[in-house]
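Undergrad: mmCIF, C-alpha atoms, saved as input23.cif, coming up:
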data_upload
#
loop_
_atom_site.label_atom_id
_atom_site.label_comp_id
_atom_site.auth_asym_id
_atom_site.auth_seq_id
_atom_site.Cartn_x
_atom_site.Cartn_y
_atom_site.Cartn_z
CA MET A 401 10.67 24.94 9.11
CA LYS A 402 10.36 21.75 7.12
CA VAL A 403 10.68 21.87 3.35
CA LYS A 404 9.61 18.87 1.28
CA VAL A 405 11.35 17.98 -1.95
CA ILE A 406 10.50 15.40 -4.60
CA VAL A 407 13.22 14.25 -7.00
CA THR A 408 12.08 12.25 -10.03
CA LEU A 409 13.77 10.82 -13.09
CA LYS A 410 13.21 12.90 -16.22
CA ASN A 411 10.79 11.51 -18.79
CA GLY A 412 12.58 9.13 -21.09
CA VAL A 413 15.20 8.09 -18.55
CA LEU A 414 15.01 4.34 -17.95
CA ASP A 415 13.82 3.36 -14.47
CA PRO A 416 14.73 -0.31 -13.88
CA GLN A 417 13.65 -0.13 -10.24
CA GLY A 418 10.20 1.15 -11.21
CA LYS A 419 9.98 -1.55 -13.88
CA ALA A 420 10.81 -4.24 -11.31
CA ILE A 421 8.08 -2.93 -9.00
CA GLN A 422 5.59 -2.91 -11.86
CA GLN A 423 6.41 -6.52 -12.77
CA THR A 424 6.13 -7.57 -9.14
CA LEU A 425 2.74 -5.85 -8.82
CA ASN A 426 1.58 -7.59 -12.01
CA SER A 427 2.70 -10.97 -10.68
CA MET A 428 0.86 -10.27 -7.42
CA GLY A 429 -2.39 -9.88 -9.34
CA PHE A 430 -2.42 -6.11 -9.92
CA LEU A 431 -2.83 -6.61 -13.66
CA ASN A 432 -3.98 -3.09 -14.45
CA VAL A 433 -0.68 -1.38 -13.61
CA ASN A 434 0.78 0.14 -16.78
CA GLU A 435 3.91 1.69 -15.37
CA VAL A 436 5.62 2.53 -12.09
CA ARG A 437 8.29 5.18 -11.73
CA GLN A 438 10.19 5.66 -8.51
CA GLY A 439 11.58 8.88 -7.17
CA LYS A 440 13.01 10.23 -3.94
CA TYR A 441 11.36 12.30 -1.27
CA PHE A 442 13.21 14.47 1.22
CA VAL A 443 11.99 16.33 4.29
CA ILE A 444 14.58 18.98 5.14
CA ASP A 445 14.33 20.75 8.48
CA ILE A 446 15.92 24.17 8.01
CA LYS A 447 16.57 26.76 10.77
CA GLU A 448 14.67 29.48 8.91
CA ASN A 449 11.18 30.76 9.62
CA ASP A 450 10.68 32.62 6.35
CA GLU A 451 9.06 30.13 3.96
CA SER A 452 10.33 31.68 0.74
CA LYS A 453 13.90 31.92 2.06
CA ALA A 454 13.77 28.29 3.22
CA LYS A 455 12.55 27.21 -0.22
CA ILE A 456 15.36 29.10 -1.95
CA LYS A 457 17.86 27.31 0.34
CA ALA A 458 16.25 23.95 -0.46
CA GLU A 459 16.42 24.69 -4.18
CA ASP A 460 20.12 25.41 -3.83
CA MET A 461 20.59 22.07 -2.02
CA CYS A 462 18.75 20.27 -4.83
CA LYS A 463 20.99 21.81 -7.47
CA LYS A 464 24.20 21.09 -5.56
CA LEU A 465 23.53 17.70 -3.97
CA LEU A 466 20.06 16.16 -3.92
CA ALA A 467 19.29 15.95 -7.64
CA ASN A 468 21.40 14.99 -10.63
CA LEU A 469 20.03 17.55 -13.06
CA VAL A 470 21.28 15.62 -16.09
CA ILE A 471 18.74 12.86 -15.50
CA GLU A 472 16.51 14.13 -12.67
CA ASP A 473 14.00 16.88 -11.99
CA TYR A 474 13.22 18.30 -8.57
CA LYS A 475 10.13 19.91 -7.16
CA ILE A 476 9.78 21.78 -3.87
CA VAL A 477 6.35 20.93 -2.45
CA MET B 1235 -4.63 7.55 -14.38
CA LYS B 1236 -1.51 8.29 -12.40
CA VAL B 1237 -1.56 7.93 -8.64
CA LYS B 1238 1.28 9.38 -6.58
CA VAL B 1239 2.41 7.75 -3.37
CA ILE B 1240 4.87 8.92 -0.72
CA VAL B 1241 6.38 6.38 1.67
CA THR B 1242 8.23 7.77 4.69
CA LEU B 1243 9.88 6.28 7.73
CA LYS B 1244 7.77 6.55 10.87
CA ASN B 1245 8.85 9.12 13.45
CA GLY B 1246 11.46 7.65 15.73
CA VAL B 1247 12.82 5.19 13.18
CA LEU B 1248 16.50 5.88 12.57
CA ASP B 1249 17.29 7.21 9.08
CA PRO B 1250 21.05 6.82 8.47
CA GLN B 1251 20.72 7.87 4.83
CA GLY B 1252 18.99 11.11 5.82
CA LYS B 1253 21.65 11.67 8.49
CA ALA B 1254 24.42 11.23 5.90
CA ILE B 1255 22.74 13.77 3.61
CA GLN B 1256 22.39 16.22 6.50
CA GLN B 1257 26.08 15.89 7.38
CA THR B 1258 27.08 16.32 3.75
CA LEU B 1259 24.91 19.45 3.45
CA ASN B 1260 26.50 20.82 6.64
CA SER B 1261 29.98 20.17 5.28
CA MET B 1262 29.03 21.91 2.04
CA GLY B 1263 28.22 25.07 3.99
CA PHE B 1264 24.49 24.61 4.58
CA LEU B 1265 24.94 25.05 8.32
CA ASN B 1266 21.30 25.72 9.13
CA VAL B 1267 20.06 22.22 8.29
CA ASN B 1268 18.75 20.55 11.45
CA GLU B 1269 17.62 17.25 10.02
CA VAL B 1270 17.00 15.47 6.74
CA ARG B 1271 14.73 12.45 6.38
CA GLN B 1272 14.51 10.53 3.15
CA GLY B 1273 11.49 8.71 1.81
CA LYS B 1274 10.32 7.14 -1.42
CA TYR B 1275 8.03 8.52 -4.07
CA PHE B 1276 6.11 6.40 -6.56
CA VAL B 1277 4.10 7.38 -9.61
CA ILE B 1278 1.81 4.46 -10.47
CA ASP B 1279 0.01 4.48 -13.80
CA ILE B 1280 -3.17 2.44 -13.31
CA LYS B 1281 -5.67 1.47 -16.04
CA GLU B 1282 -8.59 2.98 -14.16
CA ASN B 1283 -10.33 6.26 -14.87
CA ASP B 1284 -12.23 6.50 -11.60
CA GLU B 1285 -9.98 8.42 -9.22
CA SER B 1286 -11.32 6.95 -5.99
CA LYS B 1287 -11.08 3.38 -7.33
CA ALA B 1288 -7.52 4.00 -8.49
CA LYS B 1289 -6.59 5.35 -5.06
CA ILE B 1290 -8.08 2.29 -3.34
CA LYS B 1291 -6.00 0.07 -5.63
CA ALA B 1292 -2.87 2.11 -4.84
CA GLU B 1293 -3.56 1.83 -1.13
CA ASP B 1294 -3.78 -1.94 -1.48
CA MET B 1295 -0.41 -1.94 -3.31
CA CYS B 1296 1.14 0.10 -0.51
CA LYS B 1297 -0.07 -2.34 2.13
CA LYS B 1298 1.06 -5.40 0.20
CA LEU B 1299 4.33 -4.27 -1.39
CA LEU B 1300 5.39 -0.64 -1.43
CA ALA B 1301 5.51 0.14 2.28
CA ASN B 1302 6.76 -1.84 5.26
CA LEU B 1303 4.06 -0.83 7.72
CA VAL B 1304 6.15 -1.82 10.72
CA ILE B 1305 8.54 1.07 10.13
CA GLU B 1306 6.97 3.12 7.32
CA ASP B 1307 3.90 5.23 6.65
CA TYR B 1308 2.39 5.83 3.24
CA LYS B 1309 0.37 8.70 1.86
CA ILE B 1310 -1.56 8.78 -1.41
CA VAL B 1311 -1.19 12.31 -2.82
#
Before we go any further, please render this structure as structure tokens.
TA:
Amino acid sequence: MKVKVIVTLKNGVLDPQGKAIQQTLNSMGFLNVNEVRQGKYFVIDIKENDESKAKIKAEDMCKKLLANLVIEDYKIV
Amino acid sequence: MKVKVIVTLKNGVLDPQGKAIQQTLNSMGFLNVNEVRQGKYFVIDIKENDESKAKIKAEDMCKKLLANLVIEDYKIV
């Protein structure tokens, strides 16, 4: 089954890429954009039909590889 | 309000970054990972309290900047 994971920067961590996107949007005429923050999205196809087991596996992958827990949060969706 | 957007590669478009993550997971002992595909996640803070208007604005941003519609799909979530 496919498990979807979102990894985002923690609040307070600077996001220069998001800032650049925000400035570009502003310069394109989207003047009402206050802030943009960018994160990562993963779709992981796991050989496992039990949803809760697959999610536990995905969580383990987040902790060990996909997210840097010092500056990032992850969410299994 | 904050609008969340997910941008993913279309099916069939090669994803070397996802492939690299899959191979790394396999080498770390996660042998039951068939495939990983990576996308982008944006949180856009728009000065607009009407949810449907904010989503229309976000869709416009996706078409004009955030997604390359030749190879990517976007989803407002």
Undergrad: The PyMOL selection byres ((chain A and resi 421-432) around 12) on the file shown: which residues, as an mmCIF file with C-alpha atoms, in the frame of the given file?
TA:
data_model
loop_
_atom_site.group_PDB
_atom_site.id
_atom_site.type_symbol
_atom_site.label_atom_id
_atom_site.label_comp_id
_atom_site.auth_asym_id
_atom_site.auth_seq_id
_atom_site.Cartn_x
_atom_site.Cartn_y
_atom_site.Cartn_z
ATOM 1 C CA ASP A 415 13.820 3.360 -14.470
ATOM 2 C CA PRO A 416 14.730 -0.310 -13.880
ATOM 3 C CA GLN A 417 13.650 -0.130 -10.240
ATOM 4 C CA GLY A 418 10.200 1.150 -11.210
ATOM 5 C CA LYS A 419 9.980 -1.550 -13.880
ATOM 6 C CA ALA A 420 10.810 -4.240 -11.310
ATOM 7 C CA VAL A 433 -0.680 -1.380 -13.610
ATOM 8 C CA ASN A 434 0.780 0.140 -16.780
ATOM 9 C CA GLU A 435 3.910 1.690 -15.370
ATOM 10 C CA VAL A 436 5.620 2.530 -12.090
ATOM 11 C CA ARG A 437 8.290 5.180 -11.730
ATOM 12 C CA GLN A 438 10.190 5.660 -8.510
ATOM 13 C CA MET B 1235 -4.630 7.550 -14.380
ATOM 14 C CA LYS B 1236 -1.510 8.290 -12.400
ATOM 15 C CA PHE B 1276 6.110 6.400 -6.560
ATOM 16 C CA VAL B 1277 4.100 7.380 -9.610
ATOM 17 C CA ILE B 1278 1.810 4.460 -10.470
ATOM 18 C CA ASP B 1279 0.010 4.480 -13.800
ATOM 19 C CA ILE B 1280 -3.170 2.440 -13.310
ATOM 20 C CA LYS B 1281 -5.670 1.470 -16.040
ATOM 21 C CA GLU B 1282 -8.590 2.980 -14.160
ATOM 22 C CA ASN B 1283 -10.330 6.260 -14.870
ATOM 23 C CA LYS B 1287 -11.080 3.380 -7.330
ATOM 24 C CA ALA B 1288 -7.520 4.000 -8.490
ATOM 25 C CA LYS B 1291 -6.000 0.070 -5.630
ATOM 26 C CA ALA B 1292 -2.870 2.110 -4.840
ATOM 27 C CA GLU B 1293 -3.560 1.830 -1.130
ATOM 28 C CA ASP B 1294 -3.780 -1.940 -1.480
ATOM 29 C CA MET B 1295 -0.410 -1.940 -3.310
ATOM 30 C CA CYS B 1296 1.140 0.100 -0.510
ATOM 31 C CA LYS B 1297 -0.070 -2.340 2.130
ATOM 32 C CA LYS B 1298 1.060 -5.400 0.200
ATOM 33 C CA LEU B 1299 4.330 -4.270 -1.390
ATOM 34 C CA LEU B 1300 5.390 -0.640 -1.430
ATOM 35 C CA ALA B 1301 5.510 0.140 2.280
#
Undergrad: Please determine, counting only C-alpha atoms, which residue among A:Tyr441, A:Glu451, A:Val407, A:Val413 has the shortest atom-to-atom distance to Asn468 (chain A).
TA: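 Comparing A:Tyr441, A:Glu451, A:Val407, A:Val413 against Asn468 (chain A), the winner is A:Val407.
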Undergrad: So what does the PyMOL selection byres ((chain B and resi 1243) around 6) actually pick up in this one, as an MDAnalysis selection string?
TA: chainID B and resid 1242 1244 1305:1306
Undergrad: May I have the residues within 9 Å of Ile1240 (chain B) as a VMD selection string, using only C-alpha atoms and disregarding those fewer than 5 positions away in the same chain?
TA: (chain A and resid 440 to 441) or (chain B and resid 1273 to 1276 1307 to 1311)
Undergrad: Please measure the separation of CA of Asn1245 (chain B) and CA of Lys404 (chain A), giving the value in Å to one decimal.
TA: 15.6 Å
Undergrad: Axis-aligned box over every listed atom of region 440-449 of chain A, padded by 8 Å per side: centre and edges in Å to one decimal, as JSON?
TA:
{"center_x": 13.9, "center_y": 20.5, "center_z": 3.4, "size_x": 21.4, "size_y": 36.5, "size_z": 30.7}
Undergrad: Would you work out the distance separating CA of Lys1289 (chain B) from CA of Gly1246 (chain B), expressed in Å to one decimal?
TA: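 We find that CA of Lys1289 (chain B) and CA of Gly1246 (chain B) lie 27.6 Å from each other.
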